[in-house]
>>> print(open('structure-v3.cif').read())   # mmCIF, C-alpha atoms
data_final
#
loop_
_atom_site.label_atom_id
_atom_site.label_comp_id
_atom_site.auth_asym_id
_atom_site.auth_seq_id
_atom_site.Cartn_x
_atom_site.Cartn_y
_atom_site.Cartn_z
CA MET A 911 42.73 171.74 141.86
CA HIS A 912 40.77 169.61 139.39
CA LEU A 913 43.26 166.94 138.43
CA LEU A 914 40.89 164.00 138.03
CA PRO A 915 39.31 163.13 134.67
CA ARG A 916 36.02 164.79 133.90
CA PRO A 917 32.91 162.86 134.99
CA ALA A 918 32.30 159.89 132.76
CA GLY A 919 29.86 157.07 132.17
CA LEU A 920 26.52 157.11 130.47
CA PHE A 921 26.56 160.84 129.75
CA VAL A 922 29.95 160.48 128.02
CA SER A 923 28.46 157.77 125.84
CA ILE A 924 25.66 160.09 124.86
CA LEU A 925 28.19 162.85 124.24
CA VAL A 926 30.01 160.48 121.88
CA TRP A 927 26.83 160.31 119.89
CA CYS A 928 26.75 164.12 119.84
CA LEU A 929 30.31 164.29 118.61
CA ALA A 930 29.67 161.73 115.90
CA LEU A 931 26.74 163.76 114.60
CA ALA A 932 28.22 167.18 115.24
CA GLY A 933 30.23 167.47 112.04
CA SER A 934 27.17 167.50 109.80
CA ALA A 935 24.83 169.10 112.33
CA VAL A 936 27.01 172.12 113.02
CA ALA A 937 28.15 172.58 109.44
CA GLN A 938 24.68 173.26 108.11
CA THR A 939 21.56 175.09 109.18
CA PRO A 940 19.20 172.62 110.88
CA ASP A 941 16.16 171.71 108.82
CA THR A 942 13.48 172.78 111.29
CA THR A 943 10.75 171.10 109.26
CA ARG A 944 12.31 167.68 109.86
CA ARG A 945 13.31 167.87 113.53
CA ARG A 946 11.98 165.06 115.59
CA PRO A 947 10.93 165.96 119.13
CA PRO A 948 13.38 165.22 121.92
CA ILE A 949 12.91 162.07 123.95
CA GLN A 950 11.09 162.93 127.15
CA LEU A 951 12.65 161.82 130.41
CA ASP A 952 10.39 163.55 132.89
CA SER A 953 9.62 161.81 136.13
CA VAL A 954 6.87 159.27 135.59
CA VAL A 955 5.44 157.27 138.46
CA VAL A 956 3.82 153.97 137.62
CA LEU A 957 1.83 151.94 140.10
CA PRO A 958 3.67 148.67 140.82
CA ASP A 959 0.62 146.55 139.97
CA ALA A 960 0.40 148.10 136.49
CA ILE A 961 3.44 146.13 135.33
CA ASN A 962 4.11 142.40 135.52
CA THR A 963 7.41 142.18 137.38
CA LYS A 964 7.45 138.41 137.71
CA ASN A 965 10.93 136.96 137.21
CA TRP A 966 12.60 140.39 137.47
CA LEU A 967 15.81 139.66 139.37
CA LEU A 968 16.45 143.39 139.78
CA LEU A 969 13.56 143.67 142.23
CA ASP A 970 13.98 140.26 143.91
CA LYS A 971 14.79 140.89 147.58
CA ASP A 972 16.19 137.39 148.06
CA ILE A 973 18.62 137.95 145.19
CA GLN A 974 19.60 141.32 146.67
CA LEU A 975 20.25 139.69 150.03
CA GLU A 976 22.32 137.00 148.33
CA LEU A 977 24.34 139.49 146.26
CA ASP A 978 24.87 142.12 148.94
CA GLY A 979 28.33 140.76 149.76
CA ALA A 980 29.19 140.33 146.09
CA VAL A 981 28.36 143.94 145.24
CA ARG A 982 30.42 145.13 148.21
CA ASN A 983 33.31 142.92 147.09
CA LEU A 984 33.12 144.31 143.57
CA TYR A 985 33.44 147.95 144.65
CA ASN A 986 36.00 147.00 147.28
CA PHE A 987 38.12 145.47 144.50
CA LYS A 988 37.78 141.92 145.78
CA PHE A 989 37.03 140.84 142.24
CA ASP A 990 37.62 137.10 142.60
CA ARG A 991 35.11 136.83 145.44
CA ALA A 992 32.53 138.95 143.63
CA GLU A 993 32.86 137.06 140.36
CA LYS A 994 32.50 133.72 142.11
CA GLN A 995 29.03 134.77 143.30
CA PHE A 996 28.13 136.29 139.92
CA ARG A 997 29.04 133.01 138.20
CA SER A 998 26.87 131.16 140.68
CA LEU A 999 23.98 133.44 139.69
CA ARG A 1000 24.72 132.74 136.03
CA ARG A 1001 24.51 128.99 136.56
CA ARG A 1002 21.00 129.38 137.98
CA TYR A 1003 19.82 132.07 135.54
CA PRO A 1004 21.78 131.45 132.32
CA GLN A 1005 19.24 133.30 130.15
CA HIS A 1006 19.05 136.43 132.30
CA PRO A 1007 21.21 139.50 131.52
CA MET A 1008 21.98 140.36 135.15
CA PRO A 1009 24.88 137.95 135.85
CA TYR A 1010 26.59 138.85 132.57
CA PHE A 1011 26.19 142.56 133.23
CA LEU A 1012 27.63 142.20 136.74
CA LEU A 1013 30.56 140.18 135.43
CA GLY A 1014 31.14 142.92 132.86
CA LEU A 1015 30.90 145.59 135.55
CA SER A 1016 33.61 143.74 137.47
CA GLN A 1017 35.89 143.98 134.42
CA TRP A 1018 35.03 147.68 134.09
CA TRP A 1019 36.20 148.45 137.62
CA LYS A 1020 39.49 146.69 136.89
CA ILE A 1021 39.96 149.26 134.11
CA VAL A 1022 38.78 152.41 135.96
CA PRO A 1023 41.76 152.92 138.36
CA SER A 1024 44.14 153.37 135.41
CA ASN A 1025 41.93 156.20 134.10
CA VAL A 1026 40.72 153.66 131.52
CA GLN A 1027 44.22 153.25 130.05
CA VAL A 1028 44.69 149.54 130.79
CA LYS A 1029 43.44 147.36 127.92
CA LEU A 1030 44.01 143.96 129.52
CA TYR A 1031 40.33 143.56 130.43
CA ASP A 1032 38.76 144.97 127.27
CA ARG A 1033 37.92 141.66 125.63
CA PRO A 1034 36.14 140.06 128.61
CA PHE A 1035 34.39 143.37 129.33
CA PHE A 1036 32.95 143.64 125.82
CA ALA A 1037 32.10 139.92 125.77
CA TYR A 1038 30.08 140.14 128.99
CA MET A 1039 28.32 143.38 128.01
CA ASP A 1040 27.45 142.07 124.54
CA THR A 1041 26.10 138.88 126.08
CA ALA A 1042 24.02 140.91 128.54
CA ILE A 1043 22.65 142.85 125.57
CA THR A 1044 21.79 139.66 123.69
CA LYS A 1045 19.99 138.14 126.69
CA ALA A 1046 18.12 141.37 127.44
CA GLU A 1047 17.08 141.83 123.79
CA THR A 1048 15.59 138.34 123.82
CA GLN A 1049 13.56 139.23 126.91
CA TYR A 1050 12.42 142.54 125.46
CA LYS A 1051 11.33 140.96 122.16
CA ALA A 1052 9.23 138.49 124.15
CA ASP A 1053 7.65 141.26 126.24
CA ASP A 1054 7.98 144.93 125.29
CA GLN A 1055 6.90 145.91 128.82
CA ASN A 1056 9.86 144.15 130.36
CA TYR A 1057 11.46 147.33 131.68
CA GLU A 1058 14.06 145.34 133.56
CA ALA A 1059 15.37 144.24 130.16
CA CYS A 1060 15.37 147.92 129.09
CA PHE A 1061 17.39 148.79 132.18
CA PHE A 1062 20.09 146.25 131.35
CA LEU A 1063 20.07 147.20 127.68
CA SER A 1064 20.56 150.87 128.50
CA ALA A 1065 23.27 150.15 131.07
CA ALA A 1066 25.19 147.59 128.99
CA TYR A 1067 25.04 149.69 125.83
CA GLY A 1068 26.08 152.77 127.83
CA PHE A 1069 29.11 151.18 129.50
CA ALA A 1070 30.21 149.52 126.25
CA ALA A 1071 29.83 152.82 124.37
CA ARG A 1072 32.05 154.54 126.90
CA LEU A 1073 34.90 152.07 126.43
CA HIS A 1074 34.48 152.00 122.65
CA ALA A 1075 34.83 155.79 122.72
CA GLU A 1076 37.96 155.57 124.91
CA ARG A 1077 39.42 153.13 122.37
CA LYS A 1078 38.36 155.41 119.49
CA ASN A 1079 36.00 152.82 118.04
CA TRP A 1080 33.74 155.69 116.98
CA GLY A 1081 31.31 153.67 114.85
CA LYS A 1082 30.44 151.25 117.64
CA ALA A 1083 30.50 154.03 120.23
CA THR A 1084 27.91 155.97 118.24
CA VAL A 1085 25.60 153.00 117.65
CA TYR A 1086 25.82 151.85 121.26
CA SER A 1087 25.18 155.35 122.57
CA LYS A 1088 22.03 155.72 120.50
CA GLU A 1089 20.77 152.37 121.75
CA ALA A 1090 21.55 153.32 125.36
CA LEU A 1091 19.47 156.48 125.08
CA ASN A 1092 16.66 154.65 123.31
CA TYR A 1093 16.28 152.02 126.02
CA LEU A 1094 16.79 154.58 128.77
CA ALA A 1095 13.71 156.40 127.50
CA LYS A 1096 11.72 153.15 127.48
CA SER A 1097 12.78 152.11 130.97
CA GLN A 1098 11.54 155.38 132.51
CA GLU A 1099 8.04 153.94 132.60
CA ALA A 1100 9.15 151.77 135.51
CA ASN A 1101 10.92 154.42 137.55
CA GLY A 1102 8.22 154.33 140.19
CA LEU A 1103 9.07 150.68 140.92
CA SER A 1104 12.63 151.06 142.16
CA PRO A 1105 15.38 153.67 142.54
CA GLU A 1106 17.48 151.48 140.20
CA PHE A 1107 15.47 152.77 137.22
CA LEU A 1108 16.15 156.40 138.15
CA PHE A 1109 19.91 156.17 137.79
CA GLY A 1110 20.24 156.66 134.02
CA GLN A 1111 17.49 159.25 134.02
CA ALA A 1112 19.24 161.19 136.80
CA LEU A 1113 22.46 161.34 134.77
CA MET A 1114 20.66 162.49 131.64
CA ASN A 1115 18.68 165.10 133.54
CA TYR A 1116 21.90 166.53 134.97
CA TYR A 1117 24.17 166.23 131.97
CA ALA A 1118 21.89 167.31 129.12
CA PRO A 1119 22.16 170.97 130.26
CA TRP A 1120 25.83 170.38 131.15
CA ILE A 1121 26.64 169.32 127.59
CA SER A 1122 24.80 172.36 126.24
CA ASP A 1123 26.70 174.70 128.58
CA ASN A 1124 30.13 173.19 127.95
CA TYR A 1125 29.81 172.30 124.25
CA PRO A 1126 27.88 175.20 122.70
CA LEU A 1127 28.73 174.09 119.15
CA LEU A 1128 26.76 170.91 119.77
CA ARG A 1129 23.53 172.70 120.66
CA PRO A 1130 21.93 172.00 117.25
CA VAL A 1131 22.54 168.28 117.85
CA LEU A 1132 21.08 168.55 121.34
CA LEU A 1133 17.68 169.23 119.78
CA PHE A 1134 17.45 165.44 119.66
CA PHE A 1135 18.16 165.16 123.37
CA PRO A 1136 15.96 165.39 126.44
CA LYS A 1137 15.93 168.94 127.77
CA GLY A 1138 17.13 167.89 131.19
CA ASN A 1139 16.99 169.53 134.59
CA LYS A 1140 20.22 169.72 136.61
CA GLN A 1141 18.61 170.17 140.00
CA LEU A 1142 16.15 167.35 139.38
CA GLY A 1143 19.05 165.21 138.20
CA LEU A 1144 20.96 165.86 141.43
CA GLN A 1145 17.85 165.13 143.49
CA GLN A 1146 17.30 161.85 141.64
CA LEU A 1147 20.97 160.92 141.98
CA ARG A 1148 20.81 161.46 145.75
CA ASN A 1149 17.67 159.33 145.85
CA VAL A 1150 19.46 156.46 144.08
CA ALA A 1151 22.56 156.90 146.24
CA ASP A 1152 20.46 156.64 149.42
CA ASN A 1153 17.93 154.02 148.36
CA GLY A 1154 19.31 152.01 145.45
CA PHE A 1155 20.95 148.63 145.74
CA TYR A 1156 22.89 147.72 142.59
CA THR A 1157 23.14 151.33 141.39
CA ALA A 1158 23.78 153.03 144.76
CA PRO A 1159 27.61 152.82 144.56
CA GLU A 1160 27.62 154.17 141.00
CA ALA A 1161 25.22 156.95 142.03
CA ARG A 1162 27.49 157.96 144.92
CA PHE A 1163 30.49 157.79 142.58
CA PHE A 1164 28.85 160.19 140.12
CA LEU A 1165 27.45 162.40 142.87
CA MET A 1166 30.92 162.80 144.36
CA LYS A 1167 32.43 163.78 141.00
CA ILE A 1168 29.57 166.09 140.01
CA LEU A 1169 29.68 167.98 143.30
CA TYR A 1170 33.45 168.39 143.11
CA ASN A 1171 34.07 168.92 139.39
CA ASP A 1172 30.87 170.47 138.06
CA GLU A 1173 29.17 172.10 141.02
CA ASN A 1174 32.51 173.32 142.39
CA ASP A 1175 31.38 172.29 145.85
CA PRO A 1176 34.16 170.25 147.49
CA ALA A 1177 32.55 170.75 150.90
CA ALA A 1178 29.50 168.78 149.69
CA ALA A 1179 31.65 166.25 147.83
CA LEU A 1180 33.76 165.39 150.87
CA PRO A 1181 31.13 163.51 152.94
CA VAL A 1182 30.15 161.51 149.86
CA ALA A 1183 33.79 160.63 149.24
CA ARG A 1184 34.31 159.74 152.89
CA LYS A 1185 31.31 157.43 152.85
CA LEU A 1186 32.60 155.66 149.74
CA VAL A 1187 36.02 155.17 151.33
CA ALA A 1188 34.50 153.96 154.60
CA THR A 1189 32.29 151.46 152.74
CA TYR A 1190 34.92 150.36 150.21
CA PRO A 1191 38.31 151.00 151.89
CA ASP A 1192 40.29 149.07 149.27
CA ASN A 1193 38.92 150.95 146.25
CA ALA A 1194 41.92 152.86 144.93
CA TYR A 1195 39.84 155.32 142.90
CA PHE A 1196 37.64 156.30 145.84
CA GLN A 1197 40.67 156.69 148.09
CA ARG A 1198 42.61 158.95 145.76
CA PHE A 1199 39.55 161.07 144.99
CA CYS A 1200 38.89 161.50 148.69
CA ALA A 1201 42.56 162.41 149.23
CA LEU A 1202 42.24 165.05 146.51
CA VAL A 1203 39.13 166.58 148.08
CA CYS A 1204 40.78 166.54 151.51
CA TYR A 1205 43.85 168.27 150.07
CA ASN A 1206 41.72 171.01 148.56
CA ARG A 1207 39.66 171.40 151.75
CA GLY A 1208 42.75 171.67 153.96
CA GLU A 1209 42.01 168.36 155.70
CA TYR A 1210 45.69 167.54 155.71
CA ASP A 1211 45.75 164.84 158.40
CA GLU A 1212 43.15 162.84 156.50
CA CYS A 1213 44.87 163.50 153.18
CA GLU A 1214 48.19 162.25 154.56
CA LYS A 1215 46.62 159.14 156.08
CA LEU A 1216 44.88 158.27 152.80
CA SER A 1217 48.02 158.91 150.76
CA ARG A 1218 50.21 156.71 152.96
CA ASP A 1219 47.59 153.97 152.84
CA ILE A 1220 47.49 154.19 149.04
CA LEU A 1221 51.27 153.79 148.78
CA ASP A 1222 51.25 150.90 151.25
CA LYS A 1223 48.59 149.07 149.24
CA LEU A 1224 50.43 149.85 146.01
CA ASN A 1225 53.62 148.33 147.45
CA ARG A 1226 51.65 145.25 148.51
CA GLY A 1227 50.22 144.86 145.02
CA LEU A 1228 46.53 145.17 145.90
CA PRO A 1229 44.21 145.26 142.86
CA GLY A 1230 43.64 148.75 141.48
CA TYR A 1231 46.61 150.31 143.24
CA GLU A 1232 49.06 151.29 140.52
CA ALA A 1233 50.91 154.26 139.06
CA VAL A 1234 47.96 156.65 138.74
CA SER A 1235 47.07 156.33 142.42
CA GLY A 1236 50.77 156.50 143.26
CA ARG A 1237 51.05 159.78 141.38
CA TYR A 1238 48.31 161.33 143.54
CA ALA A 1239 49.64 160.02 146.82
CA THR A 1240 53.27 161.02 146.25
CA PHE A 1241 52.31 164.54 145.19
CA PHE A 1242 50.21 165.11 148.30
CA LEU A 1243 52.90 163.72 150.59
CA ALA A 1244 55.54 165.83 148.84
CA TRP A 1245 53.50 169.00 149.26
CA LEU A 1246 52.87 168.22 152.94
CA HIS A 1247 56.57 167.63 153.64
CA GLU A 1248 57.47 170.84 151.85
CA ASN A 1249 54.81 173.11 153.32
CA ARG A 1250 53.68 171.50 156.56
CA TYR A 1251 56.76 169.72 157.88
CA ASP A 1252 59.46 171.93 156.34
CA ASP A 1253 61.36 168.87 155.15
CA PRO A 1254 62.64 169.70 151.65
CA ALA A 1255 64.65 166.48 151.35
CA LYS A 1256 61.61 164.25 151.79
CA ALA A 1257 59.52 166.59 149.68
CA GLN A 1258 62.05 166.31 146.87
CA ASP A 1259 62.02 162.53 147.09
CA TYR A 1260 58.22 162.36 146.86
CA TYR A 1261 58.06 164.89 143.99
CA GLN A 1262 60.60 162.82 142.06
CA ARG A 1263 58.58 159.66 142.69
CA CYS A 1264 55.49 161.50 141.49
CA ILE A 1265 57.28 162.30 138.23
CA VAL A 1266 58.33 158.67 137.79
CA PHE A 1267 54.75 157.49 138.30
CA ALA A 1268 53.48 160.08 135.81
CA GLU A 1269 56.05 159.18 133.16
CA SER A 1270 55.30 155.47 133.54
CA THR A 1271 51.70 156.07 132.46
CA GLY A 1272 52.38 158.83 129.95
CA ASP A 1273 50.60 161.46 132.07
CA THR A 1274 53.12 164.20 131.42
CA GLY A 1275 50.81 167.11 130.71
CA PRO A 1276 49.41 169.81 132.98
CA GLY A 1277 48.54 168.51 136.42
CA PHE A 1278 50.65 166.65 138.95
CA TYR A 1279 53.53 166.18 136.51
CA VAL A 1280 53.92 169.89 135.81
CA LEU A 1281 53.33 170.82 139.45
CA ALA A 1282 55.91 168.31 140.70
CA ASN A 1283 58.50 169.72 138.29
CA GLN A 1284 57.61 173.26 139.35
CA HIS A 1285 58.07 172.48 143.04
CA LEU A 1286 61.36 170.69 142.37
CA ALA A 1287 62.52 173.75 140.45
CA ARG A 1288 61.58 175.98 143.38
CA LEU A 1289 63.41 173.75 145.86
CA ALA A 1290 66.50 173.83 143.65
CA ALA A 1291 66.24 177.60 143.31
CA ASP A 1292 65.99 177.94 147.10
CA ARG A 1293 69.33 176.17 147.51
CA ARG A 1294 70.74 178.21 144.61
CA ASP A 1295 71.20 175.21 142.34
CA VAL A 1296 70.49 177.11 139.14
CA ALA A 1297 71.34 174.27 136.76
CA THR A 1298 68.85 171.91 138.43
CA ALA A 1299 66.21 174.61 138.70
CA ARG A 1300 66.60 175.39 135.01
CA ARG A 1301 66.21 171.73 134.12
CA TYR A 1302 62.93 171.41 135.97
CA TYR A 1303 61.60 174.77 134.83
CA ALA A 1304 62.38 173.79 131.23
CA VAL A 1305 60.00 170.86 131.64
CA VAL A 1306 57.35 173.14 133.12
CA GLN A 1307 57.69 175.60 130.25
CA ASP A 1308 57.42 172.75 127.75
CA LYS A 1309 54.46 170.94 129.32
CA ALA A 1310 52.37 173.61 131.07
CA ASP A 1311 49.44 175.43 129.57
CA HIS A 1312 50.81 178.68 128.15
CA LYS A 1313 48.09 180.64 129.92
CA SER A 1314 48.90 179.14 133.32
CA SER A 1315 50.82 180.67 136.22
CA GLU A 1316 53.20 177.68 136.12
CA TYR A 1317 54.20 178.55 132.55
CA ARG A 1318 54.70 182.22 133.36
CA GLU A 1319 56.82 181.40 136.40
CA ALA A 1320 59.03 179.00 134.45
CA LYS A 1321 59.44 181.40 131.53
CA GLU A 1322 60.42 184.26 133.86
CA TYR A 1323 62.99 182.17 135.77
CA LEU A 1324 64.58 180.85 132.60
CA LYS A 1325 64.72 184.40 131.21
CA GLN A 1326 66.46 185.70 134.32
CA HIS A 1327 68.82 182.73 134.69
CA LYS A 1328 70.26 182.09 131.27
CA LYS A 1329 72.93 179.49 130.81
#
>>> encode(input="structure-v3.cif", output="structure tokens")
Amino acid sequence: MHLLPRPAGLFVSILVWCLALAGSAVAQTPDTTRRRPPIQLDSVVVLPDAINTKNWLLLDKDIQLELDGAVRNLYNFKFDRAEKQFRSLRRRYPQHPMPYFLLGLSQWWKIVPSNVQVKLYDRPFFAYMDTAITKAETQYKADDQNYEACFFLSAAYGFAARLHAERKNWGKATVYSKEALNYLAKSQEANGLSPEFLFGQALMNYYAPWISDNYPLLRPVLLFFPKGNKQLGLQQLRNVADNGFYTAPEARFFLMKILYNDENDPAAALPVARKLVATYPDNAYFQRFCALVCYNRGEYDECEKLSRDILDKLNRGLPGYEAVSGRYATFFLAWLHENRYDDPAKAQDYYQRCIVFAESTGDTGPGFYVLANQHLARLAADRRDVATARRYYAVVQDKADHKSSEYREAKEYLKQHKK
């Protein structure tokens, strides 16, 4: 069951660029005499003493020690505490991009749990990322070997491009994506200095072939892209997840989603998800993803515990716990009461709550919404309540993919049980 959004982040930003160019690229035969070579993102190791890293906060161990709690608070959704420390960093380093980027990242993770639907934090997010870009551009213009500035430029442009794409600001999404890729290529020269610099490269190495495999019509456009290497990308991502500081949580986040969604390896995804939940127990996204993997792996005790915890935190109003997470938790609990505890009454209640959560966010397509209606229809059919079963199956027939088993089941029941 793959009910979470497809992996997103920097690679989606680059894909936006592909989509923006695809109309003209696919509609005509590529002019092979004018192709520019793809940007190379192979692994390059540079000796630390070959680059002047003075004043690079990214590599400053004292700053890392100071911000360790802040980074943990950010990913544990204790945003006020994290932002207090980021603002303190900004007061001391007002011309450096790092504090602005971290403040922007905090806004980003307020948006993520809603599957990027909430727009309340868009303005401060873009303001912080644009400021980080401005500060980093000033540093890069002063020293074109300041690869720390390239790192922040690539990251800030990439995150901003992603949200611009979600908001259908295609012009800005395209420009920002191109800039993200440009500075990512430049920052590779410092990837021997710290795992932080490998993060963007790891994503591009993995997703360049992924885009080619999943979007064959865009292959002419991908001539402009790095060739990529999926296995190297996974290896680099694991390296960052194990050894990075600022980028380690993001690397684990992507690794978890890649293993589950793209590698179809939930067994490998589960320990990554468990580690994220153990480290950041109040992160709603990590919890619901882990609950999903547990559900698919048959780890029902753990799935139930996570789901009940999600609903408890939602009822208490903890940051990030809202209708999307509620939709996941109620579906899992409904299924468990139906199939594990043989309690159709409680199962019905949870399925109905799942539908309410889904409708409140407009998520009424294939997925939990259709499945909840299907199970409610089955429960009604079991107690020979044809009218109720027809009502739920009508929703399934209307909303399900016409090639799906849910659609076929609903169509057959409605055919056999006419009004």
>>> atom_distance(input="structure-v3.cif", atom1="CA of Leu1243 (chain A)", atom2="CA of Tyr1260 (chain A)")
6.6 Å
>>> resolve_selection(input="structure-v3.cif", expression="the PyMOL selection byres ((chain A and resi 1302) around 8)", output="VMD selection string")
chain A and resid 1283 to 1284 1286 to 1287 1298 to 1301 1303 to 1306
>>> atom_distance(input="structure-v3.cif", atom1="CA of Tyr985 (chain A)", atom2="CA of Trp1019 (chain A)")
7.6 Å
>>> residues_around(input="structure-v3.cif", residues="Val1203 (chain A)", least_positions_apart="5", cutoff="9 Å", atoms="all atoms listed in the file", output="list in words")
Met911, Tyr1170, Pro1176, Ala1177, Ala1179, Leu1180, Ala1183, Arg1198, Gly1208, Glu1209 and Cys1213 of chain A
>>> residues_near_point(input="structure-v3.cif", point="(47.1, 156.2, 152.7)", cutoff="12 Å", atoms="all atoms listed in the file", output="ChimeraX atom specification")
/A:1187,1191-1194,1196-1202,1210-1225,1231,1235-1236,1238-1240,1242-1243
>>> closest_residue(input="structure-v3.cif", among="A:Gln1017, A:Gln1326, A:Asn965, A:Asn1101", to="Asp990 (chain A)", atoms="all atoms listed in the file")
A:Gln1017
>>> resolve_selection(input="structure-v3.cif", expression="the PyMOL selection byres ((chain A and resi 1234) around 12)", output="NGL selection string")
:A and (913-915 or 1021-1028 or 1194-1195 or 1197-1199 or 1220-1221 or 1224 or 1230-1233 or 1235-1241 or 1263-1274 or 1278-1279)
>>> write_last_selection(input="structure-v3.cif", atoms="C-alpha atoms", output="CSV table (one decimal), keeping the file's coordinate frame")
chain,number,residue,atom,x,y,z
A,913,LEU,CA,43.3,166.9,138.4
A,914,LEU,CA,40.9,164.0,138.0
A,915,PRO,CA,39.3,163.1,134.7
A,1021,ILE,CA,40.0,149.3,134.1
A,1022,VAL,CA,38.8,152.4,136.0
A,1023,PRO,CA,41.8,152.9,138.4
A,1024,SER,CA,44.1,153.4,135.4
A,1025,ASN,CA,41.9,156.2,134.1
A,1026,VAL,CA,40.7,153.7,131.5
A,1027,GLN,CA,44.2,153.2,130.0
A,1028,VAL,CA,44.7,149.5,130.8
A,1194,ALA,CA,41.9,152.9,144.9
A,1195,TYR,CA,39.8,155.3,142.9
A,1197,GLN,CA,40.7,156.7,148.1
A,1198,ARG,CA,42.6,159.0,145.8
A,1199,PHE,CA,39.6,161.1,145.0
A,1220,ILE,CA,47.5,154.2,149.0
A,1221,LEU,CA,51.3,153.8,148.8
A,1224,LEU,CA,50.4,149.8,146.0
A,1230,GLY,CA,43.6,148.8,141.5
A,1231,TYR,CA,46.6,150.3,143.2
A,1232,GLU,CA,49.1,151.3,140.5
A,1233,ALA,CA,50.9,154.3,139.1
A,1235,SER,CA,47.1,156.3,142.4
A,1236,GLY,CA,50.8,156.5,143.3
A,1237,ARG,CA,51.0,159.8,141.4
A,1238,TYR,CA,48.3,161.3,143.5
A,1239,ALA,CA,49.6,160.0,146.8
A,1240,THR,CA,53.3,161.0,146.2
A,1241,PHE,CA,52.3,164.5,145.2
A,1263,ARG,CA,58.6,159.7,142.7
A,1264,CYS,CA,55.5,161.5,141.5
A,1265,ILE,CA,57.3,162.3,138.2
A,1266,VAL,CA,58.3,158.7,137.8
A,1267,PHE,CA,54.8,157.5,138.3
A,1268,ALA,CA,53.5,160.1,135.8
A,1269,GLU,CA,56.0,159.2,133.2
A,1270,SER,CA,55.3,155.5,133.5
A,1271,THR,CA,51.7,156.1,132.5
A,1272,GLY,CA,52.4,158.8,130.0
A,1273,ASP,CA,50.6,161.5,132.1
A,1274,THR,CA,53.1,164.2,131.4
A,1278,PHE,CA,50.6,166.6,139.0
A,1279,TYR,CA,53.5,166.2,136.5
>>> closest_residue(input="structure-v3.cif", among="A:Asn983, A:Ala1255, A:Leu1144, A:Leu1228", to="Lys1167 (chain A)", atoms="only C-alpha atoms")
A:Leu1144
>>> atom_distance(input="structure-v3.cif", atom1="CA of Leu1165 (chain A)", atom2="CA of Ala1065 (chain A)")
17.5 Å
>>> residues_around(input="structure-v3.cif", residues="Phe1011 (chain A)", least_positions_apart="2", cutoff="6 Å", atoms="all atoms listed in the file", output="list in words")
Met1008, Pro1009, Leu1013, Gly1014, Met1039 and Ala1042 of chain A
>>> residues_around(input="structure-v3.cif", residues="region 1081-1084 of chain A", least_positions_apart="3", cutoff="6 Å", atoms="all atoms listed in the file", output="number ranges by chain")
A: 927, 1071, 1074-1075, 1087
>>> residues_around(input="structure-v3.cif", residues="Ser1315 (chain A)", least_positions_apart="3", cutoff="12 Å", atoms="only C-alpha atoms", output="list of chain:residue names")
A:Pro1276, A:Val1280, A:Leu1281, A:Gln1284, A:Val1306, A:Gln1307, A:Ala1310, A:Asp1311, A:His1312, A:Arg1318, A:Glu1319, A:Ala1320, A:Lys1321, A:Glu1322
>>> resolve_selection(input="structure-v3.cif", expression="the PyMOL selection byres ((chain A and resi 1062) around 8)", output="PDB file with C-alpha atoms, in the frame of the given file")
ATOM      1  CA  PRO A1007      21.210 139.500 131.520  1.00  0.00           C
ATOM      2  CA  MET A1008      21.980 140.360 135.150  1.00  0.00           C
ATOM      3  CA  PHE A1011      26.190 142.560 133.230  1.00  0.00           C
ATOM      4  CA  ALA A1042      24.020 140.910 128.540  1.00  0.00           C
ATOM      5  CA  ILE A1043      22.650 142.850 125.570  1.00  0.00           C
ATOM      6  CA  ALA A1046      18.120 141.370 127.440  1.00  0.00           C
ATOM      7  CA  GLU A1058      14.060 145.340 133.560  1.00  0.00           C
ATOM      8  CA  ALA A1059      15.370 144.240 130.160  1.00  0.00           C
ATOM      9  CA  CYS A1060      15.370 147.920 129.090  1.00  0.00           C
ATOM     10  CA  PHE A1061      17.390 148.790 132.180  1.00  0.00           C
ATOM     11  CA  LEU A1063      20.070 147.200 127.680  1.00  0.00           C
ATOM     12  CA  SER A1064      20.560 150.870 128.500  1.00  0.00           C
ATOM     13  CA  ALA A1065      23.270 150.150 131.070  1.00  0.00           C
ATOM     14  CA  ALA A1066      25.190 147.590 128.990  1.00  0.00           C
TER      15      ALA A1066
END
>>> closest_residue(input="structure-v3.cif", among="A:Ile1168, A:Thr1157, A:Arg1162, A:Gly1102", to="Tyr1117 (chain A)", atoms="all atoms listed in the file")
A:Ile1168
>>> closest_residue(input="structure-v3.cif", among="A:Ala1158, A:Ala1244, A:His1006, A:Lys964", to="Lys1256 (chain A)", atoms="only C-alpha atoms")
A:Ala1244
>>> closest_residue(input="structure-v3.cif", among="A:Arg1288, A:Asp1123, A:Gly1275, A:Ala980", to="Lys1309 (chain A)", atoms="only C-alpha atoms")
A:Gly1275
>>> closest_residue(input="structure-v3.cif", among="A:Ala1291, A:Trp1018, A:Asn1056, A:Tyr1190", to="Gly979 (chain A)", atoms="all atoms listed in the file")
A:Tyr1190
>>> decode(input="structure-v3.cif", residues="region 1056-1067 of chain A", atoms="C-alpha atoms", output="compact mmCIF listing (two decimals), in the first residue's frame")
# COMPACT_ATOMS: atom_id res chain seq x y z
CA ASN A 1056 33.21 29.50 -1.06
CA TYR A 1057 31.51 26.13 -1.45
CA GLU A 1058 29.61 26.62 1.77
CA ALA A 1059 27.81 29.48 0.03
CA CYS A 1060 27.13 27.12 -2.91
CA PHE A 1061 25.66 24.58 -0.50
CA PHE A 1062 23.19 27.10 0.93
CA LEU A 1063 22.37 28.47 -2.51
CA SER A 1064 21.59 25.00 -3.84
CA ALA A 1065 19.55 24.06 -0.77
CA ALA A 1066 17.60 27.33 -0.50
CA TYR A 1067 16.86 27.47 -4.22
